[in-house]
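File shown: protein15.cif. Contents: mmCIF, C-alpha atoms.
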data_structure
loop_
_atom_site.label_atom_id
_atom_site.label_comp_id
_atom_site.auth_asym_id
_atom_site.auth_seq_id
_atom_site.Cartn_x
_atom_site.Cartn_y
_atom_site.Cartn_z
CA VAL A 194 23.91 42.82 -225.08
CA TYR A 195 22.52 46.23 -226.03
CA LYS A 196 18.70 46.17 -225.93
CA ARG A 197 18.29 46.89 -229.65
CA GLN A 198 20.57 43.98 -230.49
CA LEU A 199 18.77 41.45 -228.33
CA PRO A 200 16.48 39.96 -231.01
CA ARG A 201 19.49 39.44 -233.30
CA GLU A 202 21.85 38.21 -230.56
CA ALA A 203 19.31 35.95 -228.81
CA PRO A 204 16.79 34.88 -231.48
CA GLU A 205 15.57 32.10 -229.20
CA LEU A 206 13.85 34.80 -227.09
CA VAL A 207 11.85 36.32 -229.97
CA GLY A 208 8.16 35.62 -229.43
CA ARG A 209 8.85 33.48 -226.36
CA THR A 210 9.39 35.93 -223.50
CA SER A 211 6.69 36.28 -220.86
CA LEU A 212 7.96 39.41 -219.09
CA VAL A 213 10.14 42.39 -219.97
CA THR A 214 10.73 45.00 -217.27
CA ALA A 215 11.80 48.59 -217.78
CA ARG A 216 12.69 51.11 -215.10
CA GLY A 217 13.73 54.55 -216.21
CA VAL A 218 15.22 53.40 -219.50
CA GLY A 219 13.14 55.39 -221.95
CA LYS A 220 9.73 56.57 -223.06
CA LEU A 221 6.81 54.14 -223.11
CA ASP A 222 6.44 53.97 -226.89
CA GLY A 223 10.15 53.40 -227.56
CA VAL A 224 10.51 50.66 -224.96
CA ASN A 225 7.25 49.02 -226.10
CA ARG A 226 8.54 48.91 -229.69
CA LEU A 227 11.79 47.28 -228.56
CA ALA A 228 10.07 44.81 -226.22
CA ALA A 229 7.14 43.76 -228.43
CA PRO A 230 9.07 41.38 -230.73
CA LEU A 231 10.40 39.49 -227.70
CA LEU A 232 6.99 38.91 -226.11
CA ALA A 233 4.92 35.77 -226.53
CA VAL A 234 1.17 36.28 -226.93
CA GLY A 235 0.00 37.14 -223.41
CA GLY A 236 3.49 38.33 -222.43
CA VAL A 237 3.84 41.66 -220.63
CA VAL A 238 6.19 44.63 -220.68
CA ALA A 239 6.12 46.35 -217.27
CA HIS A 240 7.24 49.97 -216.92
CA TRP A 241 8.13 51.57 -213.58
CA LYS A 242 7.55 55.28 -214.13
CA ALA A 243 7.17 58.51 -212.19
CA PHE A 244 3.77 59.01 -210.61
CA ARG A 245 3.08 62.09 -212.72
CA LEU A 246 3.58 60.62 -216.16
CA ALA A 247 3.45 63.29 -218.87
CA PRO A 248 0.16 63.13 -220.80
CA GLU A 249 2.09 63.42 -224.08
CA GLU A 250 4.11 60.28 -223.29
CA ARG A 251 0.96 58.35 -222.42
CA GLU A 252 -0.82 59.48 -225.62
CA THR A 253 2.15 58.68 -227.87
CA ALA A 254 2.30 55.18 -226.40
CA LYS A 255 -1.45 54.72 -226.78
CA SER A 256 -1.43 55.68 -230.46
CA ALA A 257 1.28 53.10 -231.24
CA LEU A 258 -0.24 50.11 -229.41
CA ARG A 259 -2.29 48.57 -232.20
CA SER A 260 0.56 48.71 -234.72
CA ILE A 261 2.88 46.75 -232.42
CA GLY A 262 0.32 44.25 -231.10
CA LEU A 263 0.08 45.47 -227.51
CA GLU A 264 -2.75 46.66 -225.25
CA LEU A 265 -2.69 48.46 -221.92
CA ALA A 266 -3.29 45.83 -219.23
CA HIS A 267 -2.64 47.82 -216.03
CA ASP A 268 -1.99 51.40 -214.96
CA LEU A 269 -1.44 51.37 -211.21
CA ALA A 270 -0.30 54.15 -208.89
CA PHE A 271 1.72 53.06 -205.85
CA GLU A 272 3.24 54.65 -202.78
CA PRO A 273 6.60 53.12 -201.95
CA GLY A 274 9.14 54.64 -199.62
CA PRO A 275 11.73 57.05 -200.98
CA PRO A 276 12.05 58.37 -203.63
CA GLY A 277 8.25 58.69 -203.52
CA PRO A 278 5.12 57.62 -205.37
CA GLY A 279 5.32 55.92 -208.74
CA ARG A 280 3.29 54.28 -211.44
CA LEU A 281 3.38 50.77 -212.89
CA LEU A 282 2.15 50.47 -216.47
CA CYS A 283 1.84 47.02 -218.03
CA TYR A 284 1.24 46.34 -221.70
CA ARG A 285 0.20 42.86 -222.86
CA ARG A 286 0.98 41.28 -226.23
CA VAL A 287 -2.32 40.42 -227.93
CA VAL A 288 -1.14 39.33 -231.39
#
Please go through the file and, once you have read it, give me the structure as structure tokens.
Amino acid sequence: VYKRQLPREAPELVGRTSLVTARGVGKLDGVNRLAAPLLAVGGVVAHWKAFRLAPEERETAKSALRSIGLELAHDLAFEPGPPGPGRLLCYRRVV
């Protein structure tokens, strides 16, 4: 099922999902907007991103958080093996 169709195709997941993961599928704000309706209160969308996340992408995501009921829960840098360092950003559903 295409990600934008998921709420319509699987309505039983809307507001009941505890974790959505995203790795290289889009910008923070776009993925957050798609994931938010699926998340239960306290549920998390986790993004695996490049270590050097563009400041513009981070700011765009930050400005949209309140309107979609999310807050930044974690922003962690990590050093795995190849392809190199990365960043894990987690947004939690608060309403």
Problem set entry | Contacts of Arg285 in chain A at 6 Å (all atoms listed in the file; same-chain gap of 6+ positions) as a list in words |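 In the requested format, the answer is Gly235, Gly236, Val237, Leu263, Glu264 and Ala266 of chain A.
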For this session: Could you state which residues are captured by the PyMOL selection byres ((chain A and resi 227) around 12) in this file, as a PyMOL selection string?
Result: chain A and resi 195-201+207+213-215+218-226+228-232+238+261+263
Can those selected residues be exported to a file as a PDB file, keeping the file's coordinate frame so that it contains C-alpha atoms?
ATOM      1  CA  TYR A 195      22.520  46.230-226.030  1.00  0.00           C
ATOM      2  CA  LYS A 196      18.700  46.170-225.930  1.00  0.00           C
ATOM      3  CA  ARG A 197      18.290  46.890-229.650  1.00  0.00           C
ATOM      4  CA  GLN A 198      20.570  43.980-230.490  1.00  0.00           C
ATOM      5  CA  LEU A 199      18.770  41.450-228.330  1.00  0.00           C
ATOM      6  CA  PRO A 200      16.480  39.960-231.010  1.00  0.00           C
ATOM      7  CA  ARG A 201      19.490  39.440-233.300  1.00  0.00           C
ATOM      8  CA  VAL A 207      11.850  36.320-229.970  1.00  0.00           C
ATOM      9  CA  VAL A 213      10.140  42.390-219.970  1.00  0.00           C
ATOM     10  CA  THR A 214      10.730  45.000-217.270  1.00  0.00           C
ATOM     11  CA  ALA A 215      11.800  48.590-217.780  1.00  0.00           C
ATOM     12  CA  VAL A 218      15.220  53.400-219.500  1.00  0.00           C
ATOM     13  CA  GLY A 219      13.140  55.390-221.950  1.00  0.00           C
ATOM     14  CA  LYS A 220       9.730  56.570-223.060  1.00  0.00           C
ATOM     15  CA  LEU A 221       6.810  54.140-223.110  1.00  0.00           C
ATOM     16  CA  ASP A 222       6.440  53.970-226.890  1.00  0.00           C
ATOM     17  CA  GLY A 223      10.150  53.400-227.560  1.00  0.00           C
ATOM     18  CA  VAL A 224      10.510  50.660-224.960  1.00  0.00           C
ATOM     19  CA  ASN A 225       7.250  49.020-226.100  1.00  0.00           C
ATOM     20  CA  ARG A 226       8.540  48.910-229.690  1.00  0.00           C
ATOM     21  CA  ALA A 228      10.070  44.810-226.220  1.00  0.00           C
ATOM     22  CA  ALA A 229       7.140  43.760-228.430  1.00  0.00           C
ATOM     23  CA  PRO A 230       9.070  41.380-230.730  1.00  0.00           C
ATOM     24  CA  LEU A 231      10.400  39.490-227.700  1.00  0.00           C
ATOM     25  CA  LEU A 232       6.990  38.910-226.110  1.00  0.00           C
ATOM     26  CA  VAL A 238       6.190  44.630-220.680  1.00  0.00           C
ATOM     27  CA  ILE A 261       2.880  46.750-232.420  1.00  0.00           C
ATOM     28  CA  LEU A 263       0.080  45.470-227.510  1.00  0.00           C
TER      29      LEU A 263
END
For this session: Rounded to one decimal place, report the CA of Thr210 in chain A-CA of Val234 in chain A distance in Å.
Result: 8.9 Å
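Computed from the coordinates, the CA of Glu272 in chain A to CA of Ser211 in chain A distance equals 26.0 Å.
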Problem set entry | For CA of Leu281 in chain A and CA of Ala239 in chain A, the interatomic separation in Å (one decimal) |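 CA of Ala239 in chain A lies 6.8 Å from CA of Leu281 in chain A.
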Problem set entry | Cut-off 6 Å around (8.2, 54.0, -213.7) with only C-alpha atoms: residues as JSON, numbers by chain | {"A": [216, 240, 241, 242, 243, 280, 281]}
Exercise. What do you get, as number ranges by chain, if you spell out every residue that the PyMOL selection byres ((chain A and resi 270) around 6) selects here?
Worked result: A: 269, 271, 279-280
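When all atoms listed in the file are used to measure the gap to Val287 in chain A, the shortest distance among A:Pro248, A:Gly217, A:Pro273, A:Gly208 belongs to A:Gly208.
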Seminar exercise, completed: Ala254 in chain A proximity check over A:Leu282, A:Ala233, A:Val288, A:Leu206, using only C-alpha atoms: winner is A:Leu282
Which centre and which edge lengths, in Å to one decimal, describe the axis-aligned box that holds all listed atoms of range 230-238 of chain A after 4 Å is added on each side, as lines of an AutoDock Vina configuration file?
center_x = 5.2
center_y = 40.2
center_z = -225.7
size_x = 18.4
size_y = 16.9
size_z = 18.1
